[in-house]
Amino acid sequence: MSKGLAGYGTTAGRPSRRRILRLAGGGLALATLGAGTVGCEDDSMTGGEGSIPPPRSTSPAPRKDGEAPAPLWVRRTSAETYGDNDELVAVGGVVIASGDPLAALEGTTGETRWSLEGGAVPGAPLLLGDGGSTLYLASGKYDGNVIGYDPSSGKETWRSHLGKEYRQPRPVAVDDGQVYVIAEILEADNSSRTNVIAALDNRTGKVVWKEQRDLGTQQNGVHAAVQGRYLVYTDFKNNLTVRDTATGRQVWTQKTTKTSYGPFAVHQDLVIVPQGQRLQAFALSDGSERWSVEAEQFTAFSEPAVLDGVLYIADSGRTLRAIEPGTGKSVWQSTSLKKSGGQVPRQFVRVGSTLYGATDLDEKGGIHAFDAKTGDLLWTFNDGSSDHRAWLVATDGKRVFALHGKKLNALPAE
């Protein structure tokens, strides 16, 4: 699998502000959202001159227990994000946030390696394929192209066009051989009532297959992943659908029950979907339920992530869980976050024995660091800006990158 996409709100029974903004942004992608200056820091974002540390050349001073590390560097970016997990990536020695211009910053220093005007469509994912050597994007020129770039240099390496009868194709998933896109089907009057899902050959750019989706489905709000021979996706209409990657044939589809139009994880032969108070695992082959986990009453599960063979997930009651993804059995449960009063993490990355979680809301949120073996909260990093936008986190294995609005922090990975 190349990359799974997910997103979910932390309020029981209703979509989060992050999710609503994401879905609205997908439909209003032509709007100009504004861009900052890449590679320099804005005093108004940080509290004044001298408040941002320069890149470190020596080891940091020892920290007190529970104290977050100081950033290695901080940069103001051109980020135009809606808080979804696929809008910040770290690969090939650079970190890239969705924005215009699309800019790749050096992981070590935060300096700009390359930038591309109109490189990313707001609300569309940044998809890494070919072992991280290609970054697939919907064309920021809205010309119907899907383009692949070398993330280390910004050079175009691949291009495909679905056809003039389709509008705004967006890549949603990628595997070793194909890029999967969803696009609107144009009517004679240039309107659209339906959309198509298609597979593009990631070598030639030719269309391998295309299938019209059901009337009433939407192009926006789609999250997808590829696992073996199966393409799995959810959408804003609460559909969970699995297709055969070779033919596009629909293997099965079913309705999700509790605002699960984004969040899921895949593991081996399972797709794992949070549905409000219940976390369920379904067989990719036929949709049968394999296991389920219940949260406490009046709480809802957030986004799941399978990292190093462990499923990590939090709920709105501030319980963090580690679960065996194949069986649903508990590895551990932690109430450390509840005791601290911290916000619920909804995106995770792991480096060694430390699990990092990015939160939605800012107050008592930010980037949490947990002991991956116990779930104990180690520290929380917050930039103090009180920006209303969600945090995003990514890692290159040496650093943890924390994006908050247009402010990107590089933290040492522990």
# chains A, B, ... in the order shown; residues from 1 in each chain; ligands from 1
$ residues_around --residues "Gly132 in chain A" --least-positions-apart "2" --cutoff "12 Å" --atoms "only C-alpha atoms" --output "JSON, numbers by chain"
{"A": [1, 2, 3, 89, 90, 91, 92, 93, 94, 126, 127, 128, 129, 130, 134, 135, 136, 148, 149, 150, 151, 152, 174, 175, 176, 396]}
$ select_by_dssp --residues "range 157-354 of chain A" --states "strand (DSSP E or B)" --output "PyMOL selection string"
chain A and resi 157-161+166-174+178-185+194-201+207-212+223-227+230-234+239-244+250-255+265-267+270-275+278-283+289-294+301+305-307+310-315+320-323+330-334+345-351+354
$ residues_around --residues "Thr204 in chain A" --least-positions-apart "4" --cutoff "12 Å" --atoms "only C-alpha atoms" --output "list in words"
Ile147, Gly148, Thr157, Trp158, Arg159, Ser160, His161, Gly177, Gln178, Val179, Ala199, Leu200 and Val208 of chain A
$ write_last_selection --atoms "all heavy atoms" --output "short mmCIF file (atom, residue, chain, number, x, y, z; two decimals), in the first residue's frame"
data_model
loop_
_atom_site.label_atom_id
_atom_site.label_comp_id
_atom_site.auth_asym_id
_atom_site.auth_seq_id
_atom_site.Cartn_x
_atom_site.Cartn_y
_atom_site.Cartn_z
N ILE A 147 -0.57 15.32 -12.38
CA ILE A 147 0.86 15.45 -12.65
C ILE A 147 1.67 14.80 -11.53
O ILE A 147 1.31 14.89 -10.35
CB ILE A 147 1.26 16.93 -12.79
CG1 ILE A 147 0.37 17.63 -13.84
CG2 ILE A 147 2.72 17.09 -13.18
CD1 ILE A 147 0.57 19.12 -13.92
N GLY A 148 2.77 14.16 -11.93
CA GLY A 148 3.71 13.60 -10.97
C GLY A 148 4.99 14.40 -10.95
O GLY A 148 5.50 14.81 -12.00
N THR A 157 7.72 14.60 -13.67
CA THR A 157 8.18 13.30 -14.16
C THR A 157 7.07 12.50 -14.82
O THR A 157 7.36 11.47 -15.46
CB THR A 157 8.75 12.46 -13.00
OG1 THR A 157 7.73 12.27 -12.00
CG2 THR A 157 9.95 13.15 -12.36
N TRP A 158 5.82 12.94 -14.73
CA TRP A 158 4.70 12.14 -15.23
C TRP A 158 3.50 13.07 -15.39
O TRP A 158 3.34 14.02 -14.65
CB TRP A 158 4.39 11.02 -14.24
CG TRP A 158 3.25 10.12 -14.58
CD1 TRP A 158 3.31 8.96 -15.31
CD2 TRP A 158 1.88 10.25 -14.17
NE1 TRP A 158 2.06 8.37 -15.38
CE2 TRP A 158 1.17 9.14 -14.69
CE3 TRP A 158 1.18 11.20 -13.43
CZ2 TRP A 158 -0.20 8.97 -14.48
CZ3 TRP A 158 -0.17 11.04 -13.21
CH2 TRP A 158 -0.85 9.93 -13.74
N ARG A 159 2.67 12.75 -16.41
CA ARG A 159 1.48 13.57 -16.63
C ARG A 159 0.41 12.70 -17.30
O ARG A 159 0.71 11.84 -18.12
CB ARG A 159 1.80 14.77 -17.52
CG ARG A 159 0.61 15.68 -17.84
CD ARG A 159 1.05 16.84 -18.70
NE ARG A 159 1.86 17.79 -17.93
CZ ARG A 159 1.45 19.00 -17.59
NH1 ARG A 159 0.23 19.42 -17.92
NH2 ARG A 159 2.24 19.81 -16.92
N SER A 160 -0.83 12.94 -16.92
CA SER A 160 -1.95 12.21 -17.52
C SER A 160 -3.15 13.14 -17.61
O SER A 160 -3.28 14.10 -16.85
CB SER A 160 -2.30 10.97 -16.68
OG SER A 160 -3.38 10.26 -17.26
N HIS A 161 -4.02 12.83 -18.58
CA HIS A 161 -5.25 13.60 -18.77
C HIS A 161 -6.39 12.62 -18.99
O HIS A 161 -6.34 11.80 -19.91
CB HIS A 161 -5.11 14.54 -19.97
CG HIS A 161 -6.15 15.61 -20.03
ND1 HIS A 161 -7.44 15.38 -20.48
CD2 HIS A 161 -6.11 16.92 -19.68
CE1 HIS A 161 -8.13 16.50 -20.41
NE2 HIS A 161 -7.34 17.45 -19.93
N GLY A 177 1.37 0.35 -9.48
CA GLY A 177 1.16 0.43 -10.92
C GLY A 177 0.19 1.48 -11.40
O GLY A 177 0.21 1.85 -12.58
N GLN A 178 -0.65 2.01 -10.49
CA GLN A 178 -1.73 2.88 -10.94
C GLN A 178 -1.97 4.05 -9.99
O GLN A 178 -1.69 3.97 -8.80
CB GLN A 178 -3.03 2.07 -11.08
CG GLN A 178 -2.93 0.99 -12.15
CD GLN A 178 -4.15 0.09 -12.21
OE1 GLN A 178 -4.36 -0.58 -13.21
NE2 GLN A 178 -4.94 0.02 -11.16
N VAL A 179 -2.49 5.12 -10.58
CA VAL A 179 -2.97 6.28 -9.84
C VAL A 179 -4.49 6.31 -10.00
O VAL A 179 -5.00 6.25 -11.11
CB VAL A 179 -2.36 7.59 -10.37
CG1 VAL A 179 -2.85 8.78 -9.55
CG2 VAL A 179 -0.84 7.50 -10.36
N ALA A 199 -8.62 4.53 -13.09
CA ALA A 199 -7.23 4.16 -12.80
C ALA A 199 -6.36 4.58 -13.98
O ALA A 199 -6.68 4.30 -15.13
CB ALA A 199 -7.12 2.66 -12.57
N LEU A 200 -5.25 5.25 -13.67
CA LEU A 200 -4.30 5.70 -14.68
C LEU A 200 -3.00 4.94 -14.49
O LEU A 200 -2.52 4.77 -13.37
CB LEU A 200 -4.04 7.21 -14.53
CG LEU A 200 -5.27 8.12 -14.48
CD1 LEU A 200 -4.83 9.55 -14.19
CD2 LEU A 200 -6.06 8.04 -15.77
N VAL A 208 -6.51 3.01 -17.55
CA VAL A 208 -6.59 1.54 -17.46
C VAL A 208 -8.05 1.12 -17.39
O VAL A 208 -8.48 0.20 -18.08
CB VAL A 208 -5.83 1.03 -16.22
CG1 VAL A 208 -5.95 -0.49 -16.10
CG2 VAL A 208 -4.37 1.46 -16.29
#
$ closest_residue --among "A:Ala281, A:Ala358, A:Val121, A:Val207" --to "Gly163 in chain A" --atoms "only C-alpha atoms"
A:Val207
$ closest_atom_pairs --of "range 272-382 of chain A" --to "range 241-246 of chain A" --cutoff "9 Å" --atoms "only C-alpha atoms" --output "Markdown table"
| residue | atom | partner | partner_atom | distance |
| --- | --- | --- | --- | --- |
| A:Leu284 | CA | A:Val242 | CA | 7.1 |
| A:Ser285 | CA | A:Val242 | CA | 8.4 |
| A:Asp286 | CA | A:Val242 | CA | 8.9 |
| A:Gly287 | CA | A:Val242 | CA | 8.5 |
$ residues_around --residues "Ser115 in chain A" --least-positions-apart "2" --cutoff "7 Å" --atoms "only C-alpha atoms" --output "list in words"
Pro101, Leu102, Ala103, Ala104 and Glu117 of chain A
$ write_last_selection --atoms "C-alpha atoms" --output "short mmCIF file (atom, residue, chain, number, x, y, z; two decimals), in the first residue's frame"
data_model
loop_
_atom_site.label_atom_id
_atom_site.label_comp_id
_atom_site.auth_asym_id
_atom_site.auth_seq_id
_atom_site.Cartn_x
_atom_site.Cartn_y
_atom_site.Cartn_z
CA PRO A 101 3.18 28.23 -4.32
CA LEU A 102 3.81 24.61 -3.46
CA ALA A 103 7.12 24.71 -1.61
CA ALA A 104 9.52 22.04 -0.45
CA GLU A 117 3.40 28.32 -8.59
#
$ atom_distance --atom1 "CA of Ala372 in chain A" --atom2 "CA of Leu355 in chain A"
5.1 Å
$ residues_around --residues "range 309-317 of chain A" --least-positions-apart "4" --cutoff "7 Å" --atoms "only C-alpha atoms" --output "PyMOL selection string"
chain A and resi 10-12+299-305+321-325+344-345
$ residues_around --residues "Gly110 in chain A" --least-positions-apart "2" --cutoff "7 Å" --atoms "only C-alpha atoms" --output "MDAnalysis selection string"
chainID A and resid 39 73 75 105:108 112
$ atom_distance --atom1 "CA of Val146 in chain A" --atom2 "CA of Pro171 in chain A"
7.2 Å
$ residues_around --residues "Thr359 in chain A" --least-positions-apart "5" --cutoff "7 Å" --atoms "only C-alpha atoms" --output "NGL selection string"
:A and (343-346 or 365-367 or 390-391)
$ write_last_selection --atoms "C-alpha atoms" --output "compact mmCIF listing (two decimals), in the first residue's frame"
# COMPACT_ATOMS: atom_id res chain seq x y z
CA GLN A 343 -7.09 17.80 23.41
CA VAL A 344 -7.77 14.59 21.50
CA PRO A 345 -5.17 13.61 18.85
CA ARG A 346 -6.58 12.66 15.46
CA GLY A 365 -3.68 20.88 22.03
CA GLY A 366 -0.87 20.90 19.52
CA ILE A 367 1.50 17.97 19.13
CA ALA A 390 -5.98 22.12 13.02
CA TRP A 391 -2.47 20.83 13.58
$ closest_residue --among "A:Phe236, A:Tyr356, A:Tyr142, A:Trp332" --to "Trp379 in chain A" --atoms "only C-alpha atoms"
A:Tyr356
$ closest_residue --among "A:Asn220, A:Thr253, A:Thr234, A:Thr247" --to "Thr194 in chain A" --atoms "only C-alpha atoms"
A:Asn220
